[in-house]
file input.pdb (PDB, C-alpha atoms)
ATOM      1  CA  MET A  18      30.513 132.358  38.308
ATOM      2  CA  GLU A  19      33.952 131.796  39.777
ATOM      3  CA  MET A  20      34.747 133.934  42.766
ATOM      4  CA  THR A  21      37.266 136.645  41.939
ATOM      5  CA  GLU A  22      39.910 137.786  44.345
ATOM      6  CA  SER A  23      40.777 141.196  45.731
ATOM      7  CA  SER A  24      43.475 142.625  43.488
ATOM      8  CA  TYR A  25      45.324 144.459  46.241
ATOM      9  CA  VAL A  26      45.820 141.337  48.303
ATOM     10  CA  SER A  27      48.967 139.622  47.093
ATOM     11  CA  SER A  28      52.274 138.305  48.256
ATOM     12  CA  PRO A  29      55.135 140.769  48.817
ATOM     13  CA  GLU A  30      57.236 141.535  45.745
ATOM     14  CA  GLN A  31      60.598 141.771  47.518
ATOM     15  CA  PRO A  32      62.762 138.622  47.709
ATOM     16  CA  ARG A  33      61.585 136.465  50.538
ATOM     17  CA  LYS A  34      63.697 135.977  53.611
ATOM     18  CA  LYS A  35      63.129 133.132  55.984
ATOM     19  CA  SER A  36      60.114 134.057  58.038
ATOM     20  CA  PRO A  37      60.849 134.356  61.753
ATOM     21  CA  PRO A  38      59.004 131.949  64.023
ATOM     22  CA  PRO A  39      55.468 133.183  64.615
ATOM     23  CA  PRO A  40      55.163 135.001  67.911
ATOM     24  CA  ALA A  41      52.726 133.919  70.551
ATOM     25  CA  SER A  42      49.211 134.858  69.568
ATOM     26  CA  PRO A  43      48.509 138.565  70.236
ATOM     27  CA  LEU A  44      45.726 137.251  72.424
ATOM     28  CA  SER A  45      47.961 134.816  74.289
ATOM     29  CA  ASP A  46      46.888 136.427  77.546
ATOM     30  CA  ALA A  47      43.383 135.221  76.721
ATOM     31  CA  VAL A  48      44.099 131.803  75.233
ATOM     32  CA  ASP A  49      40.837 130.463  76.575
ATOM     33  CA  LYS A  50      38.773 132.998  74.640
ATOM     34  CA  PRO A  51      36.552 130.865  72.424
ATOM     35  CA  THR A  52      37.007 131.114  68.688
ATOM     36  CA  TYR A  53      36.827 128.918  65.595
ATOM     37  CA  ILE A  54      38.475 128.236  62.268
ATOM     38  CA  LYS A  55      36.662 126.985  59.176
ATOM     39  CA  LEU A  56      38.676 125.682  56.257
ATOM     40  CA  LEU A  57      38.025 123.739  53.066
ATOM     41  CA  VAL A  58      39.515 120.356  52.191
ATOM     42  CA  SER A  59      38.910 117.873  49.411
ATOM     43  CA  ASN A  60      36.975 114.705  50.169
ATOM     44  CA  ALA A  61      40.226 112.702  50.014
ATOM     45  CA  ALA A  62      41.940 115.105  52.408
ATOM     46  CA  ALA A  63      38.948 114.858  54.745
ATOM     47  CA  GLY A  64      39.519 111.101  54.888
ATOM     48  CA  SER A  65      43.155 111.656  55.855
ATOM     49  CA  VAL A  66      42.153 114.029  58.629
ATOM     50  CA  ILE A  67      39.608 111.544  59.999
ATOM     51  CA  GLY A  68      41.910 108.522  59.769
ATOM     52  CA  LYS A  69      41.014 104.856  60.086
ATOM     53  CA  GLY A  70      38.140 104.531  62.480
ATOM     54  CA  GLY A  71      38.510 108.210  63.395
ATOM     55  CA  ALA A  72      41.944 107.598  64.942
ATOM     56  CA  THR A  73      43.674 110.642  63.404
ATOM     57  CA  ILE A  74      41.035 113.215  64.261
ATOM     58  CA  THR A  75      40.775 111.817  67.781
ATOM     59  CA  ASP A  76      44.548 112.127  68.196
ATOM     60  CA  PHE A  77      44.541 115.713  66.855
ATOM     61  CA  GLN A  78      41.796 116.683  69.288
ATOM     62  CA  SER A  79      43.702 115.101  72.147
ATOM     63  CA  GLN A  80      46.973 116.836  71.253
ATOM     64  CA  SER A  81      45.444 120.261  70.695
ATOM     65  CA  GLY A  82      42.545 120.423  73.113
ATOM     66  CA  ALA A  83      40.339 121.773  70.302
ATOM     67  CA  ARG A  84      37.198 120.221  68.868
ATOM     68  CA  ILE A  85      37.336 119.217  65.191
ATOM     69  CA  GLN A  86      34.224 118.604  63.094
ATOM     70  CA  LEU A  87      33.708 117.907  59.376
ATOM     71  CA  SER A  88      30.752 118.430  57.092
ATOM     72  CA  LYS A  89      29.116 115.277  55.770
ATOM     73  CA  ASN A  90      29.823 113.673  52.409
ATOM     74  CA  TYR A  91      28.382 115.845  49.628
ATOM     75  CA  GLU A  92      27.956 118.809  51.954
ATOM     76  CA  PHE A  93      30.255 121.110  50.030
ATOM     77  CA  PHE A  94      31.074 124.792  50.173
ATOM     78  CA  PRO A  95      29.029 126.450  47.392
ATOM     79  CA  GLY A  96      30.865 126.558  44.070
ATOM     80  CA  THR A  97      33.364 123.866  45.088
ATOM     81  CA  SER A  98      33.523 120.135  45.722
ATOM     82  CA  ASP A  99      35.279 120.686  49.049
ATOM     83  CA  ARG A 100      34.084 119.782  52.515
ATOM     84  CA  ILE A 101      34.298 122.077  55.532
ATOM     85  CA  ILE A 102      36.387 121.464  58.651
ATOM     86  CA  LEU A 103      35.369 123.356  61.788
ATOM     87  CA  ILE A 104      37.934 123.747  64.563
ATOM     88  CA  SER A 105      36.668 125.311  67.785
ATOM     89  CA  GLY A 106      38.210 126.068  71.156
ATOM     90  CA  GLY A 107      40.639 128.538  72.655
ATOM     91  CA  ILE A 108      42.785 130.488  70.189
ATOM     92  CA  ASP A 109      46.008 128.603  70.843
ATOM     93  CA  ASP A 110      44.201 125.243  70.855
ATOM     94  CA  ALA A 111      42.517 126.003  67.521
ATOM     95  CA  LEU A 112      45.804 127.075  65.948
ATOM     96  CA  LYS A 113      47.533 123.928  67.224
ATOM     97  CA  ALA A 114      44.806 121.734  65.724
ATOM     98  CA  LEU A 115      45.032 123.565  62.411
ATOM     99  CA  GLU A 116      48.817 123.139  62.327
ATOM    100  CA  LEU A 117      48.444 119.397  62.932
ATOM    101  CA  ILE A 118      45.931 119.151  60.067
ATOM    102  CA  ILE A 119      48.041 121.133  57.596
ATOM    103  CA  ALA A 120      51.204 119.238  58.536
ATOM    104  CA  LYS A 121      49.381 115.942  58.020
ATOM    105  CA  LEU A 122      48.170 116.954  54.555
ATOM    106  CA  LEU A 123      51.575 118.337  53.591
ATOM    107  CA  SER A 124      53.216 115.057  54.587
ATOM    108  CA  GLU A 125      51.076 113.240  52.045
ATOM    109  CA  ILE A 126      52.113 115.405  49.096
ATOM    110  CA  PRO A 127      54.362 113.238  46.886
ATOM    111  CA  THR A 128      57.887 114.548  46.332
ATOM    112  CA  GLU A 129      60.636 113.483  43.966
ATOM    113  CA  ASP A 130      63.906 112.053  45.233
ATOM    114  CA  GLY A 131      66.456 114.774  45.761
ATOM    115  CA  ASP A 132      63.824 117.510  45.894
ATOM    116  CA  ASP A 133      64.605 119.507  49.030
ATOM    117  CA  ALA A 134      61.924 122.110  48.410
ATOM    118  CA  GLU A 135      59.448 122.388  51.246
ATOM    119  CA  PRO A 136      56.032 121.100  50.133
ATOM    120  CA  ARG A 137      53.278 123.696  49.940
ATOM    121  CA  MET A 138      49.519 123.706  49.762
ATOM    122  CA  ARG A 139      46.900 126.417  49.782
ATOM    123  CA  VAL A 140      44.822 126.880  52.893
ATOM    124  CA  ARG A 141      41.349 128.308  52.337
ATOM    125  CA  LEU A 142      39.597 129.763  55.350
ATOM    126  CA  VAL A 143      35.859 130.459  55.380
ATOM    127  CA  VAL A 144      35.128 133.929  56.756
ATOM    128  CA  PRO A 145      31.747 135.703  57.029
ATOM    129  CA  ASN A 146      31.479 138.557  54.571
ATOM    130  CA  ASN A 147      30.602 141.064  57.299
ATOM    131  CA  ALA A 148      33.812 140.199  59.180
ATOM    132  CA  CYS A 149      36.196 140.541  56.224
ATOM    133  CA  GLY A 150      36.544 144.287  56.698
ATOM    134  CA  SER A 151      38.337 143.740  59.994
ATOM    135  CA  ILE A 152      41.166 141.838  58.280
ATOM    136  CA  ILE A 153      41.274 143.978  55.139
ATOM    137  CA  GLY A 154      41.456 147.400  56.766
ATOM    138  CA  LYS A 155      41.170 150.780  55.115
ATOM    139  CA  GLY A 156      42.630 150.541  51.632
ATOM    140  CA  GLY A 157      43.826 147.031  52.424
ATOM    141  CA  SER A 158      46.224 148.303  55.100
ATOM    142  CA  ILE A 159      45.691 145.475  57.582
ATOM    143  CA  ILE A 160      45.929 142.579  55.132
ATOM    144  CA  LYS A 161      49.024 144.154  53.586
ATOM    145  CA  SER A 162      50.666 144.311  56.994
ATOM    146  CA  PHE A 163      49.840 140.626  57.546
ATOM    147  CA  ILE A 164      51.482 139.765  54.222
ATOM    148  CA  GLU A 165      54.612 141.760  55.022
ATOM    149  CA  GLU A 166      54.950 140.276  58.498
ATOM    150  CA  SER A 167      54.230 136.642  57.631
ATOM    151  CA  HIS A 168      55.686 136.533  54.079
ATOM    152  CA  ALA A 169      52.652 134.463  53.077
ATOM    153  CA  ALA A 170      50.482 135.243  50.073
ATOM    154  CA  ILE A 171      46.926 136.117  51.132
ATOM    155  CA  LYS A 172      43.937 136.567  48.838
ATOM    156  CA  ILE A 173      40.316 137.269  49.694
ATOM    157  CA  SER A 174      37.578 136.217  47.289
ATOM    158  CA  SER A 175      34.627 138.389  46.446
ATOM    159  CA  LEU A 176      31.184 137.198  47.495
ATOM    160  CA  ASP A 177      29.767 134.710  44.974
ATOM    161  CA  THR A 178      26.443 136.217  43.917
ATOM    162  CA  ASP A 179      25.399 133.069  42.045
ATOM    163  CA  PHE A 180      24.268 131.592  45.344
ATOM    164  CA  PHE A 181      21.328 133.172  47.092
ATOM    165  CA  GLY A 182      21.844 133.291  50.834
ATOM    166  CA  LEU A 183      25.624 132.781  50.749
ATOM    167  CA  THR A 184      27.282 135.167  53.205
ATOM    168  CA  ASP A 185      30.770 133.634  53.432
ATOM    169  CA  ARG A 186      33.953 134.430  51.533
ATOM    170  CA  LEU A 187      37.222 132.515  51.151
ATOM    171  CA  VAL A 188      40.583 133.707  52.428
ATOM    172  CA  THR A 189      43.372 131.798  50.664
ATOM    173  CA  ILE A 190      46.833 131.611  52.235
ATOM    174  CA  MET A 191      49.879 130.303  50.364
ATOM    175  CA  GLY A 192      53.398 129.765  51.665
ATOM    176  CA  THR A 193      55.427 127.408  53.801
ATOM    177  CA  LEU A 194      53.753 125.872  56.843
ATOM    178  CA  GLU A 195      55.567 128.394  59.035
ATOM    179  CA  GLU A 196      54.460 131.337  56.902
ATOM    180  CA  GLN A 197      50.882 130.102  56.697
ATOM    181  CA  MET A 198      50.570 129.569  60.434
ATOM    182  CA  HIS A 199      52.021 133.012  61.124
ATOM    183  CA  ALA A 200      49.498 134.597  58.736
ATOM    184  CA  ILE A 201      46.571 132.608  60.134
ATOM    185  CA  ASP A 202      47.603 133.538  63.692
ATOM    186  CA  LEU A 203      47.393 137.215  62.728
ATOM    187  CA  ILE A 204      44.105 136.760  60.880
ATOM    188  CA  LEU A 205      42.427 134.720  63.608
ATOM    189  CA  SER A 206      43.526 137.079  66.370
ATOM    190  CA  LYS A 207      41.933 139.957  64.479
ATOM    191  CA  LEU A 208      38.762 138.039  63.674
ATOM    192  CA  THR A 209      38.286 136.881  67.251
ATOM    193  CA  ASP A 210      37.896 140.535  68.226
ATOM    194  CA  ASP A 211      35.109 140.926  65.643
ATOM    195  CA  THR A 212      31.598 140.291  66.984
ATOM    196  CA  HIS A 213      30.315 139.482  63.474
ATOM    197  CA  TYR A 214      32.824 136.649  63.225
ATOM    198  CA  LEU A 215      32.030 135.161  66.628
ATOM    199  CA  GLN A 216      28.289 135.297  65.941
ATOM    200  CA  ASN A 217      28.833 132.679  63.241
ATOM    201  CA  MET A 218      30.690 130.229  65.485
ATOM    202  CA  HIS A 219      27.713 127.872  65.753
ATOM    203  CA  ALA A 220      26.471 128.208  62.165
ATOM    204  CA  PRO A 221      25.745 124.804  60.570
ATOM    205  CA  LEU A 222      28.428 123.251  58.372
ATOM    206  CA  SER A 223      25.944 122.507  55.595
ATOM    207  CA  TYR A 224      24.711 125.225  53.260
ATOM    208  CA  ALA A 225      21.159 123.887  53.067
ATOM    209  CA  GLY A 226      19.774 127.427  53.207
ATOM    210  CA  VAL A 227      21.839 128.545  50.213
ATOM    211  CA  PHE A 228      20.154 128.257  46.820
ATOM    212  CA  PHE A 229      21.698 128.061  43.377
ATOM    213  CA  SER A 230      19.514 129.503  40.633
ATOM    214  CA  GLY A 231      20.384 126.734  38.166
ATOM    215  CA  PHE A 232      18.468 124.104  40.119
ATOM    216  CA  ASP A 233      15.052 125.704  40.680
ATOM    217  CA  GLY A 234      15.655 126.510  44.317
ATOM    218  CA  ILE A 235      17.098 123.158  45.362
ATOM    219  CA  PRO A 236      19.222 123.634  48.504
ATOM    220  CA  TYR A 237      22.928 123.759  47.673
ATOM    221  CA  ALA A 238      23.667 120.929  50.071
ATOM    222  CA  TYR A 239      22.359 118.528  47.434
ATOM    223  CA  VAL A 240      24.012 119.882  44.280
ATOM    224  CA  LEU A 241      27.500 119.854  42.841
ATOM    225  CA  PRO A 242      29.863 122.644  41.782
ATOM    226  CA  HIS A 243      28.463 124.980  39.174
ATOM    227  CA  VAL A 244      29.898 126.525  36.070
ATOM    228  CA  ALA A 245      28.719 129.645  34.359
ATOM    229  CA  THR A 246      26.471 128.977  31.381
ATOM    230  CA  ALA A 247      28.548 129.343  28.239
ATOM    231  CA  ALA A 248      27.199 130.809  25.043
ATOM    232  CA  TYR A 249      25.575 128.355  22.679
ATOM    233  CA  ASN A 250      24.985 128.397  18.959
ATOM    234  CA  SER A 251      21.404 129.633  18.830
ATOM    235  CA  THR A 252      21.200 129.434  15.020
ATOM    236  CA  ASN A 253      20.776 125.659  15.155
ATOM    237  CA  HIS A 254      17.297 124.680  16.246
ATOM    238  CA  GLY A 255      15.739 121.292  16.747
ATOM    239  CA  PRO A 256      12.240 120.038  17.492
ATOM    240  CA  ASN A 257      10.802 120.484  20.951
ATOM    241  CA  GLY A 258      11.878 117.624  23.177
ATOM    242  CA  ALA A 259      15.031 116.050  24.496
ATOM    243  CA  GLY A 260      18.424 115.735  22.931
ATOM    244  CA  VAL A 261      18.801 118.963  20.959
ATOM    245  CA  LYS A 262      22.546 119.589  21.129
ATOM    246  CA  PHE A 263      24.506 122.770  20.419
ATOM    247  CA  GLN A 264      28.256 122.247  20.161
ATOM    248  CA  HIS A 265      30.216 125.221  21.443
ATOM    249  CA  ASN A 266      32.994 126.814  19.445
ATOM    250  CA  LYS A 267      35.872 124.320  19.303
ATOM    251  CA  GLU A 268      38.313 127.173  19.825
ATOM    252  CA  ASP A 269      36.900 127.837  23.288
ATOM    253  CA  ARG A 270      39.397 126.923  25.989
ATOM    254  CA  ALA A 271      36.883 124.861  27.953
ATOM    255  CA  ASN A 272      35.123 121.938  26.349
ATOM    256  CA  SER A 273      31.454 122.702  26.749
ATOM    257  CA  VAL A 274      28.216 121.486  25.203
ATOM    258  CA  THR A 275      24.649 122.698  25.716
ATOM    259  CA  ILE A 276      21.802 120.260  25.177
ATOM    260  CA  GLY A 277      18.089 120.909  25.271
ATOM    261  CA  VAL A 278      15.739 118.897  27.462
ATOM    262  CA  ALA A 279      11.979 119.360  27.544
ATOM    263  CA  ASP A 280      10.928 121.374  30.564
ATOM    264  CA  GLU A 281       8.649 118.606  31.851
ATOM    265  CA  HIS A 282      11.606 116.182  31.963
ATOM    266  CA  ILE A 283      13.984 118.407  33.938
ATOM    267  CA  GLY A 284      12.706 117.148  37.269
ATOM    268  CA  LEU A 285      13.684 113.586  36.374
ATOM    269  CA  VAL A 286      17.166 114.715  35.332
ATOM    270  CA  VAL A 287      17.666 116.650  38.569
ATOM    271  CA  GLY A 288      16.090 114.030  40.828
ATOM    272  CA  ARG A 289      14.762 114.427  44.337
ATOM    273  CA  GLY A 290      16.979 116.808  46.237
ATOM    274  CA  GLY A 291      19.318 116.978  43.232
ATOM    275  CA  ARG A 292      20.412 113.358  43.667
ATOM    276  CA  ASN A 293      20.287 112.401  39.980
ATOM    277  CA  ILE A 294      22.246 115.383  38.727
ATOM    278  CA  MET A 295      24.767 114.926  41.529
ATOM    279  CA  GLU A 296      25.238 111.275  40.592
ATOM    280  CA  ILE A 297      25.643 112.116  36.903
ATOM    281  CA  SER A 298      28.258 114.754  37.673
ATOM    282  CA  GLN A 299      30.122 112.462  40.065
ATOM    283  CA  ASN A 300      30.168 109.478  37.716
ATOM    284  CA  SER A 301      31.048 111.416  34.573
ATOM    285  CA  GLY A 302      33.437 113.971  36.021
ATOM    286  CA  ALA A 303      31.620 116.767  34.158
ATOM    287  CA  ARG A 304      30.153 119.933  35.595
ATOM    288  CA  ILE A 305      26.512 120.543  34.830
ATOM    289  CA  LYS A 306      24.462 123.760  34.801
ATOM    290  CA  ILE A 307      20.699 123.826  34.207
ATOM    291  CA  SER A 308      19.090 127.056  33.035
ATOM    292  CA  ASP A 309      16.534 128.851  35.178
ATOM    293  CA  ARG A 310      12.853 128.048  34.845
ATOM    294  CA  GLY A 311      11.537 129.886  31.795
ATOM    295  CA  ASP A 312      14.999 130.199  30.219
ATOM    296  CA  PHE A 313      14.594 128.077  27.087
ATOM    297  CA  MET A 314      16.508 127.251  23.947
ATOM    298  CA  SER A 315      15.564 129.807  21.334
ATOM    299  CA  GLY A 316      12.334 128.823  19.590
ATOM    300  CA  THR A 317      11.646 125.840  21.859
ATOM    301  CA  ASN A 318      10.301 124.950  25.265
ATOM    302  CA  ASP A 319      13.519 123.081  26.075
ATOM    303  CA  ARG A 320      15.599 124.019  29.090
ATOM    304  CA  LYS A 321      19.334 124.431  28.544
ATOM    305  CA  ILE A 322      21.713 121.979  30.202
ATOM    306  CA  THR A 323      25.338 123.052  29.876
ATOM    307  CA  ILE A 324      27.929 120.309  30.351
ATOM    308  CA  THR A 325      31.577 121.259  30.844
ATOM    309  CA  GLY A 326      34.652 119.078  31.129
ATOM    310  CA  SER A 327      36.761 116.747  29.009
ATOM    311  CA  GLN A 328      35.209 115.333  25.850
ATOM    312  CA  ARG A 329      34.929 111.936  27.534
ATOM    313  CA  ALA A 330      33.236 113.463  30.600
ATOM    314  CA  ILE A 331      30.836 115.453  28.425
ATOM    315  CA  HIS A 332      29.831 112.410  26.379
ATOM    316  CA  ALA A 333      29.353 110.315  29.500
ATOM    317  CA  ALA A 334      27.189 112.958  31.182
ATOM    318  CA  GLU A 335      25.175 113.499  28.021
ATOM    319  CA  ASP A 336      24.507 109.763  27.696
ATOM    320  CA  MET A 337      23.351 109.540  31.313
ATOM    321  CA  ILE A 338      21.041 112.518  30.912
ATOM    322  CA  MET A 339      19.586 111.108  27.718
ATOM    323  CA  GLN A 340      18.971 107.769  29.424
ATOM    324  CA  LYS A 341      16.931 109.545  32.093
ATOM    325  CA  VAL A 342      14.956 111.426  29.454
ATOM    326  CA  SER A 343      14.442 108.354  27.263
ATOM    327  CA  TYR A 344      13.087 106.454  30.242
ATOM    328  CA  ALA A 345      10.592 109.250  30.909
ATOM    329  CA  SER A 346       9.562 109.358  27.245
ATOM    330  CA  GLU A 347       9.013 105.603  27.133
ATOM    331  CA  ARG A 348       6.792 105.738  30.183
ATOM    332  CA  GLU A 349       4.712 108.482  28.572
ATOM    333  CA  THR A 350       4.121 106.409  25.420
ATOM    334  CA  ASP A 351       3.200 103.200  27.298
TER
END
call {"tool": "encode", "arguments": {"input": "input.pdb", "output": "structure tokens"}}
result
Amino acid sequence: MEMTESSYVSSPEQPRKKSPPPPASPLSDAVDKPTYIKLLVSNAAAGSVIGKGGATITDFQSQSGARIQLSKNYEFFPGTSDRIILISGGIDDALKALELIIAKLLSEIPTEDGDDAEPRMRVRLVVPNNACGSIIGKGGSIIKSFIEESHAAIKISSLDTDFFGLTDRLVTIMGTLEEQMHAIDLILSKLTDDTHYLQNMHAPLSYAGVFFSGFDGIPYAYVLPHVATAAYNSTNHGPNGAGVKFQHNKEDRANSVTIGVADEHIGLVVGRGGRNIMEISQNSGARIKISDRGDFMSGTNDRKITITGSQRAIHAAEDMIMQKVSYASERETD
């Protein structure tokens, strides 16, 4: 299930004026007060932040005085394929490090000749659910004031209930670099006063304790982004076993196919720690959802595997899954 966003949290409707330079942090008299910032970046962006031999991240740490850490490859935020960057240190140091990171990523956005528009990107902060109230305020009053003051667009996701144990939400900020930094300054200053937020400063970057129901309790750290299971055509039944395919309605916006795989073969498809299913999804480009244990194709003992993506990605993923199943079937008949 995709995380929805709070409807009252949006950018101001009035025409935008140039945002004034962000003031010194409201906590500038306590710049050494420890805090942290968590944000999401793609794997490619993570490489840019690290730099060759770690040169870029070392330089950013030296310039800012903050510590910068990244989650490992394939340690993604649940429901995404994005890694986590953790910036820790004093408030001003953390903000300086974040500005260096965003500026670096913005500089790598391709622009057309003659295009004077300032490049933009979305910044997604990871915030504990129990700390979000401090930046939302009663009736959204605080977040609305942040939007009006910074001229940035700010949206807060709802908690994704598809993942058991997930207690973090995403705060997305859109605007120019100046507007984003102003908004994040306001947000971070408020969060640093929240004990719930600070209690999570040393939480691990991996989400190994978060479980996604589609993979029989496999820790999320080893699985790829999920998609909600789409409806399948239950009027078409096949024999018990692998390879029973139900093509979804062609008029559906998303290309999606559900295939049936015998329950005893699911473990081989998933692999130890989810490695096989992760590899299939990575190599094919498709998103894959496996039904819960006991949730079978109608009239069979086959588990449902829903594959979503382009037709080419779906076919590639289906072929890889069938190869795994065929191998298991051949071993059983030997």
call {"tool": "closest_residue", "arguments": {"input": "input.pdb", "among": "A:Ala114, A:Ala170, A:Ala200, A:Val274", "to": "Ile152 of chain A", "atoms": "only C-alpha atoms"}}
result
A:Ala200
call {"tool": "closest_residue", "arguments": {"input": "input.pdb", "among": "A:Thr193, A:Glu296, A:Ile204, A:Gly106", "to": "Lys50 of chain A", "atoms": "all atoms listed in the file"}}
result
A:Gly106
call {"tool": "closest_residue", "arguments": {"input": "input.pdb", "among": "A:Ser79, A:Ser124, A:Thr178, A:Thr317", "to": "Leu194 of chain A", "atoms": "only C-alpha atoms"}}
result
A:Ser124
call {"tool": "residues_around", "arguments": {"input": "input.pdb", "residues": "Ser327 of chain A", "least_positions_apart": "5", "cutoff": "12 Å", "atoms": "only C-alpha atoms", "output": "ChimeraX atom specification"}}
result
/A:270-274,301-304,332-334
call {"tool": "atom_distance", "arguments": {"input": "input.pdb", "atom1": "atom CA of Ala225 of chain A", "atom2": "atom CA of Gly326 of chain A"}}
result
26.2 Å
call {"tool": "closest_residue", "arguments": {"input": "input.pdb", "among": "A:Ser65, A:Thr275, A:Gln86, A:Asn293", "to": "His219 of chain A", "atoms": "all atoms listed in the file"}}
result
A:Gln86
call {"tool": "closest_residue", "arguments": {"input": "input.pdb", "among": "A:Thr209, A:Ser59, A:Ser98, A:Gln78", "to": "Leu117 of chain A", "atoms": "all atoms listed in the file"}}
result
A:Gln78
